[in-house]
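What follows is target04.cif (mmCIF, C-alpha atoms).
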```
data_start
#
loop_
_atom_site.label_atom_id
_atom_site.label_comp_id
_atom_site.auth_asym_id
_atom_site.auth_seq_id
_atom_site.Cartn_x
_atom_site.Cartn_y
_atom_site.Cartn_z
CA MET A 144 114.07 47.77 115.23
CA ALA A 145 110.53 47.74 116.51
CA LYS A 146 108.45 49.91 114.21
CA ILE A 147 106.25 52.07 116.37
CA THR A 148 104.21 52.96 113.30
CA LYS A 149 102.86 49.42 113.14
CA SER A 150 101.12 49.69 116.46
CA PRO A 151 99.97 53.24 117.18
CA TRP A 152 97.62 53.48 120.15
CA LEU A 153 95.47 56.58 120.35
CA LEU A 154 94.31 58.62 123.28
CA HIS A 155 91.29 60.74 122.43
CA TYR A 156 90.44 63.78 124.52
CA ASP A 157 87.49 66.11 124.00
CA GLY A 158 88.64 69.62 124.95
CA SER A 159 85.65 71.89 124.45
CA SER A 160 84.44 70.34 121.25
CA CYS A 161 80.76 70.35 120.22
CA ASN A 162 81.12 66.53 119.85
CA GLY A 163 80.98 66.80 116.06
CA CYS A 164 84.65 65.88 115.66
CA ASP A 165 84.40 63.26 118.43
CA ILE A 166 81.69 61.42 116.55
CA GLU A 167 83.89 61.47 113.45
CA VAL A 168 86.85 60.14 115.48
CA LEU A 169 84.72 57.24 116.70
CA ALA A 170 83.39 56.74 113.16
CA CYS A 171 86.97 55.82 112.21
CA LEU A 172 86.62 52.69 114.35
CA THR A 173 83.46 51.48 112.62
CA PRO A 174 83.48 48.80 109.89
CA VAL A 175 83.36 51.50 107.19
CA TYR A 176 86.78 52.97 108.04
CA ASP A 177 88.15 50.31 110.46
CA VAL A 178 91.40 51.92 111.59
CA GLU A 179 92.18 48.83 113.64
CA ARG A 180 93.42 47.23 110.43
CA PHE A 181 96.50 49.47 110.82
CA GLY A 182 96.91 48.25 114.40
CA ILE A 183 95.40 51.48 115.72
CA ILE A 184 93.64 51.09 119.05
CA ASN A 185 91.55 53.75 120.76
CA THR A 186 92.84 53.54 124.30
CA GLY A 187 91.49 55.49 127.26
CA ASN A 188 94.80 55.40 129.05
CA PRO A 189 97.58 57.98 128.51
CA LYS A 190 100.19 55.51 129.80
CA HIS A 191 99.43 53.15 126.91
CA ALA A 192 99.09 55.82 124.23
CA ASP A 193 101.44 56.92 121.44
CA ILE A 194 99.22 59.48 119.70
CA PHE A 195 97.26 62.15 121.51
CA LEU A 196 94.16 63.15 119.56
CA VAL A 197 92.55 66.35 120.85
CA THR A 198 89.28 67.82 119.62
CA GLY A 199 87.96 71.24 120.57
CA GLY A 200 89.69 74.38 121.79
CA ILE A 201 91.56 74.98 125.01
CA ASN A 202 90.03 76.91 127.88
CA GLU A 203 91.28 77.77 131.36
CA LYS A 204 89.60 74.71 132.85
CA ASN A 205 90.96 72.04 130.54
CA LYS A 206 94.44 73.49 129.95
CA ALA A 207 95.86 71.71 133.01
CA VAL A 208 94.05 68.48 132.07
CA VAL A 209 95.48 68.43 128.56
CA LYS A 210 98.94 69.18 129.94
CA GLN A 211 98.68 66.38 132.48
CA LEU A 212 97.49 63.84 129.93
CA TYR A 213 100.39 64.82 127.69
CA ASP A 214 102.88 64.47 130.54
CA GLN A 215 101.52 61.03 131.47
CA MET A 216 102.20 59.67 127.99
CA PRO A 217 105.52 57.82 127.65
CA GLU A 218 108.02 59.00 125.01
CA PRO A 219 107.97 58.95 121.99
CA LYS A 220 104.59 60.61 121.48
CA VAL A 221 102.82 62.90 119.00
CA VAL A 222 99.86 65.24 119.24
CA VAL A 223 97.17 65.60 116.56
CA ALA A 224 94.74 68.51 116.74
CA VAL A 225 91.48 67.38 115.13
CA GLY A 226 89.03 69.98 113.83
CA ILE A 227 89.34 73.70 113.37
CA CYS A 228 88.58 74.41 117.04
CA ALA A 229 91.55 72.30 118.11
CA CYS A 230 93.71 74.01 115.48
CA ASN A 231 93.04 77.64 116.47
CA GLY A 232 89.81 77.92 118.42
CA GLY A 233 87.51 77.96 115.36
CA VAL A 234 84.19 79.75 115.73
CA PHE A 235 84.75 79.96 119.47
CA LYS A 236 88.02 81.83 118.98
CA ASP A 237 86.70 85.13 120.34
CA ALA A 238 84.69 83.59 123.16
CA TYR A 239 85.79 84.93 126.54
CA ASN A 240 86.63 81.47 127.94
CA ILE A 241 88.61 80.12 124.99
CA ILE A 242 92.38 80.55 124.98
CA GLY A 243 92.85 79.12 121.48
CA GLY A 244 94.00 75.93 119.81
CA VAL A 245 95.64 72.92 121.47
CA ASP A 246 99.07 74.43 120.75
CA LYS A 247 98.39 76.97 123.50
CA ALA A 248 98.79 74.14 126.03
CA ILE A 249 101.08 71.50 124.48
CA PRO A 250 103.23 71.20 121.33
CA VAL A 251 101.11 70.00 118.37
CA ASP A 252 102.64 67.94 115.55
CA VAL A 253 99.76 67.61 113.07
CA TYR A 254 96.78 69.90 112.43
CA VAL A 255 93.63 68.41 110.88
CA PRO A 256 91.24 71.22 109.87
CA GLY A 257 87.52 70.80 109.19
CA CYS A 258 84.20 71.39 110.88
CA ALA A 259 83.67 68.63 111.59
CA ALA A 260 86.87 66.98 110.37
CA ARG A 261 85.89 64.07 108.10
CA PRO A 262 87.02 60.53 109.06
CA GLU A 263 89.18 60.41 105.91
CA ALA A 264 90.89 63.63 107.00
CA ILE A 265 91.41 62.28 110.53
CA ILE A 266 92.94 59.06 109.19
CA ASP A 267 95.16 61.16 106.89
CA GLY A 268 96.23 63.22 109.87
CA VAL A 269 97.03 60.13 111.91
CA VAL A 270 99.07 58.66 109.04
CA LYS A 271 101.00 61.94 108.86
CA ALA A 272 101.48 61.74 112.64
CA LEU A 273 102.93 58.25 112.21
CA GLY A 274 105.71 59.75 110.07
CA VAL A 275 106.50 62.23 112.85
CA LEU A 276 106.29 59.42 115.41
CA ASP A 277 108.83 57.38 113.44
CA GLU A 278 111.31 60.29 113.47
CA LYS A 279 110.71 60.85 117.17
CA GLN A 280 111.33 57.18 117.89
CA LYS A 281 114.68 57.38 116.10
CA ALA A 282 115.61 60.49 118.09
CA PHE A 283 114.46 58.75 121.29
CA LYS A 284 116.68 55.74 120.54
CA GLU A 285 119.67 57.99 119.82
CA ALA A 286 119.15 59.87 123.07
CA LYS A 287 118.87 56.59 124.96
CA LYS A 288 122.10 55.31 123.39
CA LYS A 289 123.90 58.55 124.25
CA LYS A 290 122.67 58.34 127.83
CA GLY A 291 123.84 54.74 128.05
CA ALA A 292 127.29 55.68 126.70
CA GLU A 293 127.64 58.46 129.24
CA LYS A 294 126.89 56.05 132.05
CA MET B 369 114.34 13.15 127.43
CA LEU B 370 110.89 13.70 125.93
CA ARG B 371 109.91 15.66 129.03
CA VAL B 372 112.91 18.00 128.80
CA LEU B 373 112.29 18.43 125.07
CA SER B 374 108.64 19.38 125.51
CA ALA B 375 109.55 21.85 128.28
CA VAL B 376 112.17 23.48 126.04
CA LEU B 377 109.72 23.55 123.12
CA TYR B 378 107.25 25.29 125.42
CA ILE B 379 109.77 27.99 126.35
CA VAL B 380 110.70 28.59 122.72
CA PHE B 381 107.36 28.22 120.94
CA GLY B 382 104.76 28.67 123.71
CA ALA B 383 104.66 32.45 123.51
CA LEU B 384 105.02 32.46 119.71
CA ILE B 385 102.06 30.14 119.16
CA ALA B 386 99.86 31.83 121.75
CA GLY B 387 100.82 35.26 120.36
CA LEU B 388 99.84 34.12 116.88
CA LEU B 389 96.58 32.73 118.27
CA ALA B 390 95.92 36.12 119.87
CA GLY B 391 96.46 37.70 116.43
CA ILE B 392 94.09 35.22 114.80
CA ASP B 393 91.62 35.96 117.58
CA ARG B 394 91.72 39.68 116.76
CA LYS B 395 91.38 39.00 113.04
CA LEU B 396 88.44 36.65 113.62
CA SER B 397 86.74 39.11 115.98
CA ALA B 398 87.10 41.85 113.37
CA ARG B 399 85.61 39.59 110.68
CA PHE B 400 82.69 38.74 112.98
CA GLN B 401 82.04 42.47 113.23
CA GLY B 402 82.32 43.07 109.49
CA ARG B 403 85.76 44.69 109.68
CA ARG B 404 89.02 43.80 107.99
CA GLY B 405 90.97 43.67 111.23
CA PRO B 406 94.70 43.97 111.91
CA SER B 407 97.43 41.62 110.70
CA VAL B 408 97.65 38.30 112.55
CA PHE B 409 101.12 39.41 113.69
CA GLN B 410 99.68 42.52 115.35
CA PRO B 411 100.22 41.26 118.95
CA PHE B 412 103.96 40.92 118.17
CA TYR B 413 104.09 44.45 116.73
CA ASP B 414 102.33 45.72 119.86
CA VAL B 415 104.73 44.03 122.26
CA ALA B 416 107.80 45.05 120.23
CA LYS B 417 106.57 48.63 120.36
CA LEU B 418 105.95 48.46 124.12
CA PHE B 419 109.55 47.38 124.68
CA SER B 420 110.86 50.26 122.55
CA LYS B 421 108.89 52.85 124.51
CA GLU B 422 109.71 54.72 127.67
CA THR B 423 108.58 52.89 130.82
CA LEU B 424 106.76 55.11 133.26
CA ALA B 425 106.51 53.50 136.70
CA LEU B 426 105.77 55.08 140.04
CA ASN B 427 108.20 52.73 141.77
CA HIS B 428 111.01 50.46 140.66
CA GLY B 429 109.34 47.51 142.37
CA GLN B 430 106.84 47.33 139.55
CA PHE B 431 109.46 45.99 137.16
CA VAL B 432 110.51 43.25 139.58
CA ILE B 433 106.89 42.25 140.20
CA ALA B 434 105.94 42.23 136.52
CA PHE B 435 109.06 40.20 135.76
CA SER B 436 108.20 37.74 138.55
CA PHE B 437 104.76 37.29 136.99
CA LEU B 438 106.37 36.43 133.66
CA LEU B 439 108.94 34.15 135.27
CA LEU B 440 106.39 32.22 137.33
CA MET B 441 104.07 31.87 134.36
CA VAL B 442 106.91 30.38 132.32
CA LEU B 443 107.78 28.15 135.28
CA THR B 444 104.16 26.96 135.47
CA GLY B 445 104.23 25.91 131.84
CA VAL B 446 107.69 24.36 132.12
CA LEU B 447 106.61 22.25 135.10
CA PHE B 448 103.49 21.21 133.23
CA PHE B 449 105.25 20.26 130.00
CA ALA B 450 108.02 18.54 131.95
CA GLY B 451 105.28 16.25 133.25
CA VAL B 452 105.63 16.80 137.01
CA ASP B 453 102.88 16.82 139.63
CA ILE B 454 99.84 18.74 138.39
CA LEU B 455 99.14 20.05 141.91
CA LEU B 456 102.53 21.79 141.86
CA VAL B 457 101.70 23.21 138.43
CA PHE B 458 98.40 24.68 139.62
CA LEU B 459 100.06 26.04 142.77
CA SER B 460 102.62 27.79 140.61
CA LEU B 461 99.79 29.17 138.45
CA SER B 462 98.06 30.71 141.48
CA THR B 463 101.33 32.21 142.72
CA ALA B 464 101.90 33.78 139.31
CA ALA B 465 98.38 35.23 139.36
CA MET B 466 99.11 36.81 142.74
CA PHE B 467 102.08 38.66 141.25
CA LEU B 468 99.75 40.27 138.71
CA VAL B 469 97.65 41.50 141.63
CA PHE B 470 100.81 42.83 143.30
CA ALA B 471 101.84 44.61 140.10
CA ALA B 472 98.44 46.30 139.97
CA THR B 473 98.52 47.38 143.62
CA SER B 474 102.07 48.74 143.37
CA SER B 475 100.61 52.05 142.16
CA ASN B 476 98.05 54.37 143.71
CA SER B 477 95.75 54.40 140.70
CA ALA B 478 92.14 53.75 141.66
CA MET B 479 91.48 51.89 138.38
CA SER B 480 94.45 49.63 138.90
CA THR B 481 93.52 48.91 142.54
CA MET B 482 89.95 48.05 141.58
CA GLY B 483 91.32 45.84 138.84
CA ALA B 484 93.44 44.05 141.46
CA GLN B 485 90.40 43.44 143.64
CA ARG B 486 88.47 42.13 140.66
CA GLU B 487 91.40 39.89 139.73
CA MET B 488 91.19 38.37 143.22
CA MET B 489 87.46 37.83 142.74
CA GLN B 490 88.27 36.01 139.53
CA MET B 491 90.75 33.81 141.37
CA LEU B 492 88.08 33.12 143.96
CA ALA B 493 85.73 32.09 141.16
CA TYR B 494 88.03 29.75 139.23
CA GLU B 495 90.26 28.27 141.91
CA PRO B 496 87.83 25.52 143.13
CA MET B 497 87.37 24.19 139.60
CA VAL B 498 91.13 24.11 139.07
CA LEU B 499 91.53 21.94 142.18
CA ILE B 500 88.67 19.66 141.15
CA THR B 501 90.34 19.25 137.76
CA ALA B 502 93.52 18.03 139.46
CA VAL B 503 91.55 15.59 141.63
CA GLY B 504 89.60 14.43 138.57
CA PHE B 505 92.81 13.63 136.70
CA TYR B 506 93.99 11.62 139.72
CA MET B 507 90.78 9.61 139.84
CA SER B 508 90.75 8.93 136.12
CA THR B 509 94.31 7.57 136.24
CA GLN B 510 93.20 5.45 139.20
CA ILE B 511 90.61 3.81 136.94
CA THR B 512 92.79 3.39 133.86
CA ASN B 513 95.92 2.25 135.72
CA GLY B 514 94.13 -0.35 137.83
CA GLY B 515 93.73 1.30 141.23
CA LYS B 516 97.00 3.23 141.33
CA GLY B 517 96.24 6.91 140.82
CA SER B 518 98.76 9.61 139.97
CA PHE B 519 98.89 13.40 139.95
CA LYS B 520 101.84 13.38 137.54
CA VAL B 521 101.12 15.02 134.19
CA ILE B 522 103.23 12.40 132.41
CA ASP B 523 101.13 9.56 133.90
CA ILE B 524 97.90 11.34 133.01
CA ALA B 525 99.10 11.91 129.44
CA MET B 526 100.25 8.29 129.08
CA SER B 527 97.10 6.60 130.41
CA ASP B 528 95.40 3.88 128.36
CA VAL B 529 92.23 5.88 127.73
CA PRO B 530 91.98 9.69 127.28
CA SER B 531 90.85 11.31 130.56
CA ILE B 532 87.94 13.02 128.80
CA VAL B 533 86.13 9.66 128.75
CA TYR B 534 85.88 9.70 132.54
CA LEU B 535 85.88 13.47 133.01
CA PRO B 536 83.29 15.00 130.65
CA GLY B 537 81.74 17.09 133.45
CA ILE B 538 85.08 18.30 134.71
CA PHE B 539 86.08 19.18 131.15
CA LEU B 540 82.95 21.32 130.78
CA GLY B 541 83.62 22.99 134.13
CA PHE B 542 87.22 23.64 133.10
CA LEU B 543 86.04 25.17 129.81
CA PHE B 544 83.81 27.49 131.82
CA ILE B 545 86.63 28.83 134.01
CA LEU B 546 88.89 28.96 130.94
CA THR B 547 86.84 31.98 129.82
CA ILE B 548 87.85 33.70 133.08
CA LYS B 549 91.52 32.71 132.67
CA PHE B 550 91.63 33.77 129.01
CA ARG B 551 90.12 37.13 130.05
CA LYS B 552 87.30 36.80 127.56
CA SER B 553 83.80 38.26 127.76
CA PRO B 554 81.57 37.72 129.73
CA PHE B 555 84.27 37.32 132.39
CA ASP B 556 86.95 39.84 131.35
CA ILE B 557 86.34 41.69 134.58
CA SER B 558 89.79 42.52 135.94
CA THR B 559 91.26 43.46 132.58
CA SER B 560 90.04 43.18 129.01
CA HIS B 561 91.56 43.10 125.56
CA HIS B 562 88.75 45.18 124.16
CA ALA B 563 87.65 48.74 124.84
CA HIS B 564 90.85 50.04 126.38
CA GLN B 565 89.10 52.31 128.86
CA GLU B 566 90.20 52.97 132.44
CA LEU B 567 88.25 50.53 134.57
CA VAL B 568 87.95 47.94 131.83
CA LYS B 569 91.76 47.89 131.54
CA GLY B 570 91.90 47.36 135.32
CA VAL B 571 95.14 45.72 136.46
CA THR B 572 97.20 46.95 133.50
CA THR B 573 96.12 50.60 133.80
CA ASP B 574 99.29 51.78 135.48
CA LEU B 575 101.68 49.52 133.62
CA SER B 576 103.46 50.96 130.61
CA GLY B 577 106.28 50.28 128.18
CA ARG B 578 108.48 47.32 129.05
CA ASN B 579 106.41 46.32 132.10
CA LEU B 580 103.20 46.06 130.07
CA GLY B 581 105.07 44.17 127.37
CA MET B 582 106.20 41.57 129.92
CA ILE B 583 102.65 41.15 131.23
CA GLU B 584 101.48 40.60 127.66
CA ILE B 585 104.14 37.94 126.99
CA ALA B 586 103.28 36.27 130.32
CA HIS B 587 99.67 36.20 129.17
CA TRP B 588 100.70 34.35 125.99
CA TYR B 589 102.62 31.78 128.04
CA GLU B 590 99.58 31.43 130.28
CA ASN B 591 97.32 30.80 127.29
CA ALA B 592 99.73 28.24 125.86
CA PHE B 593 99.80 26.43 129.21
CA LEU B 594 96.00 26.50 129.57
CA LEU B 595 95.55 25.08 126.08
CA GLY B 596 98.04 22.42 127.17
CA VAL B 597 95.70 21.48 130.03
CA VAL B 598 92.82 21.27 127.52
CA ALA B 599 94.98 18.97 125.39
CA LEU B 600 95.81 16.84 128.45
CA PHE B 601 92.15 15.79 128.66
CA PHE B 602 92.52 14.12 125.25
CA LEU B 603 95.98 12.56 125.56
CA SER B 604 96.55 8.83 125.95
CA ASN B 605 99.34 6.44 125.02
CA ASP B 606 97.96 6.03 121.48
CA TRP B 607 99.52 8.10 118.68
CA TRP B 608 96.15 9.35 117.40
CA SER B 609 95.49 11.12 120.68
CA ILE B 610 98.10 13.78 119.79
CA PRO B 611 96.31 15.19 116.71
CA LEU B 612 93.05 14.81 118.62
CA ALA B 613 94.43 16.86 121.54
CA VAL B 614 95.84 19.59 119.27
CA GLY B 615 92.54 19.74 117.39
CA ALA B 616 90.60 19.98 120.63
CA ALA B 617 92.78 22.87 121.84
CA ILE B 618 92.22 24.74 118.57
CA VAL B 619 88.45 24.15 118.67
CA VAL B 620 88.33 25.35 122.30
CA TYR B 621 90.25 28.52 121.41
CA PHE B 622 87.90 29.20 118.50
CA LEU B 623 84.92 28.64 120.81
CA GLU B 624 86.34 31.13 123.31
CA THR B 625 86.68 33.72 120.55
CA VAL B 626 83.05 33.18 119.55
CA ILE B 627 81.83 33.42 123.17
CA ASP B 628 83.93 36.57 123.59
CA ASN B 629 82.14 38.17 120.65
CA ILE B 630 78.58 37.19 121.47
CA SER B 631 78.41 37.97 125.17
CA ALA B 632 78.44 41.12 127.29
CA ARG B 633 80.55 41.58 130.41
CA VAL B 634 78.79 40.48 133.62
CA LYS B 635 79.17 41.79 137.16
CA TRP B 636 81.61 39.96 139.40
CA GLU B 637 78.83 38.67 141.71
CA LEU B 638 77.22 36.82 138.83
CA MET B 639 80.60 35.50 137.69
CA VAL B 640 81.32 33.99 141.11
CA LYS B 641 77.82 32.48 141.35
CA LEU B 642 77.96 31.03 137.85
CA ALA B 643 81.50 29.71 138.20
CA TRP B 644 80.81 28.04 141.53
CA GLY B 645 77.46 26.71 140.30
CA VAL B 646 79.08 25.11 137.28
CA THR B 647 81.92 23.83 139.48
CA ILE B 648 79.53 22.13 141.88
CA VAL B 649 77.19 20.73 139.24
CA CYS B 650 79.66 19.65 136.53
CA GLY B 651 82.78 19.04 138.62
CA GLY B 652 81.08 17.72 141.75
CA LEU B 653 78.73 15.35 139.94
CA ASN B 654 81.57 14.02 137.84
CA LEU B 655 83.64 13.31 140.95
CA LEU B 656 80.69 11.58 142.65
CA VAL B 657 80.11 9.37 139.63
CA LEU B 658 83.81 8.44 139.53
CA GLU B 659 83.80 7.71 143.26
CA TYR B 660 80.69 5.54 143.44
CA ILE B 661 80.24 3.97 140.01
CA PHE B 662 83.73 3.09 138.77
#
```
Since I need it in another form, could you write the structure as structure tokens?
Amino acid sequence: MAKITKSPWLLHYDGSSCNGCDIEVLACLTPVYDVERFGIINTGNPKHADIFLVTGGINEKNKAVVKQLYDQMPEPKVVVAVGICACNGGVFKDAYNIIGGVDKAIPVDVYVPGCAARPEAIIDGVVKALGVLDEKQKAFKEAKKKKGAEK
Amino acid sequence: MLRVLSAVLYIVFGALIAGLLAGIDRKLSARFQGRRGPSVFQPFYDVAKLFSKETLALNHGQFVIAFSFLLLMVLTGVLFFAGVDILLVFLSLSTAAMFLVFAATSSNSAMSTMGAQREMMQMLAYEPMVLITAVGFYMSTQITNGGKGSFKVIDIAMSDVPSIVYLPGIFLGFLFILTIKFRKSPFDISTSHHAHQELVKGVTTDLSGRNLGMIEIAHWYENAFLLGVVALFFLSNDWWSIPLAVGAAIVVYFLETVIDNISARVKWELMVKLAWGVTIVCGGLNLLVLEYIF
């Protein structure tokens, strides 16, 4: 069986983040952390992505965008909320425009807290997401088999 | 018998070797940048994953087109390694390239459509040199075989002297357009293996799952075939030409990786100008010398 965990491609979206977490996400790609050694690629294309990495909270404007990006990703897929704002809105929680964390728009699998979330924490979160992705892939295969049998 | 064997070997090992080379390429690139880099088998993991994923396509035609691209690319290599007419081989190569353009235009995505246009610009840039290469091979066999030229790959590979002796300019020109065909910087304009962002991904933007996996495998077959053409420059009827040809192909691939890492992407206008300039100077001069001196 093809192990999806050996080749996880990330889609990174900045919700309403202050860019602190985004810089840390990109720091993961630098020689110091080099996530590409796990086969992780930062893709800008939802159709190629397996893991959806969202930073920043959800507001009325970006809710539809996040939803659309999520819908454009092929199954199996997981969502990682990076930073406290993406988890529950963070310091912007009570702001009039903020609805809350990413889970207000799409189902979230892994929460990575922190302000800003450290690269180590982000990598930890992604590794945790890989476990979820593995389970989802198995479920996806089962569903596919079932569908094939029904046909 | 040898021709059938080499064609079968190409089908079986072509993609494997080129896939492994792609993995080594990624590892080398990472080391150049002071990173550890992924496993050399990473391209295989990627493709295996793509086939296990859901395929999102706006129309069913996309699968047929992507599959045609793969099929024609394999056919190109099979024809080449079976030793038939090199003009037919290059014709098949261009037809395969057109199917990639079709695959990109089969969706409404702006990125993908722009990628398709850029792919056609790339074809415009490299096609003249490809034709000159074929003519050059013909003329070099004319010299080595005593006046009787041949377009057949088997005759070119079995000539008395390696073609590179008579075709140094054409070899340089071919190396230049090889960067375009390998989709390496500075000419990875229609689609790139680095920085997977919208426009940079170009033609493959709207391909996903199985369809993208097939394009990737086709790309490996394409690379294996192109390295075969590089090797053809060094082949003769002496046994030592075989290790020489394999060595040359490896050196060329390494060189492409280095060029990829040290250069920035150029605009398509500059690519066309440079490619045609090199074609006229290296390829044209070489042909003139062959015509009037030998």
Cut-off 8 Å around (92.8, 50.1, 136.4) with all atoms listed in the file: residues as JSON, numbers by chain:
{"B": [472, 477, 478, 479, 480, 481, 482, 483, 484, 559, 566, 567, 568, 569, 570, 571, 572, 573, 574]}
Residues of chain B within 12 Å of chain A, only C-alpha atoms counted, as a ChimeraX atom specification
/B:391,394-395,397-426,477,479-480,560-570,572-581
With 6 Å as the threshold, what does the neighbourhood of (94.7, 67.8, 108.9) contain in terms of residues, counting all atoms listed in the file? Coordinates are those of the file; answer as a ChimeraX atom specification.
/A:254-256,264,268
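Within the file as shown, the PyMOL selection byres ((chain B and resi 631) around 10) identifies Lys552, Ser553, Pro554, Phe555, Val626, Ile627, Asp628, Asn629, Ile630, Ala632, Arg633 and Val634 of chain B.
Here CA of Gly257 (chain A) is placed at a distance of 17.0 Å from CA of Ala272 (chain A).
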Please identify all polymer residues within 12 Å of Ala248 (chain A), counting all atoms listed in the file, omitting same-chain residues fewer than 2 positions from it, and present them as a ChimeraX atom specification.
/A:158,197,200-214,222,224,229-231,241-246,250-251
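Distance check against Phe602 (chain B) using all atoms listed in the file: of B:Ser527, B:Gly651, B:Ser462, B:Leu543, the minimum falls on B:Ser527.
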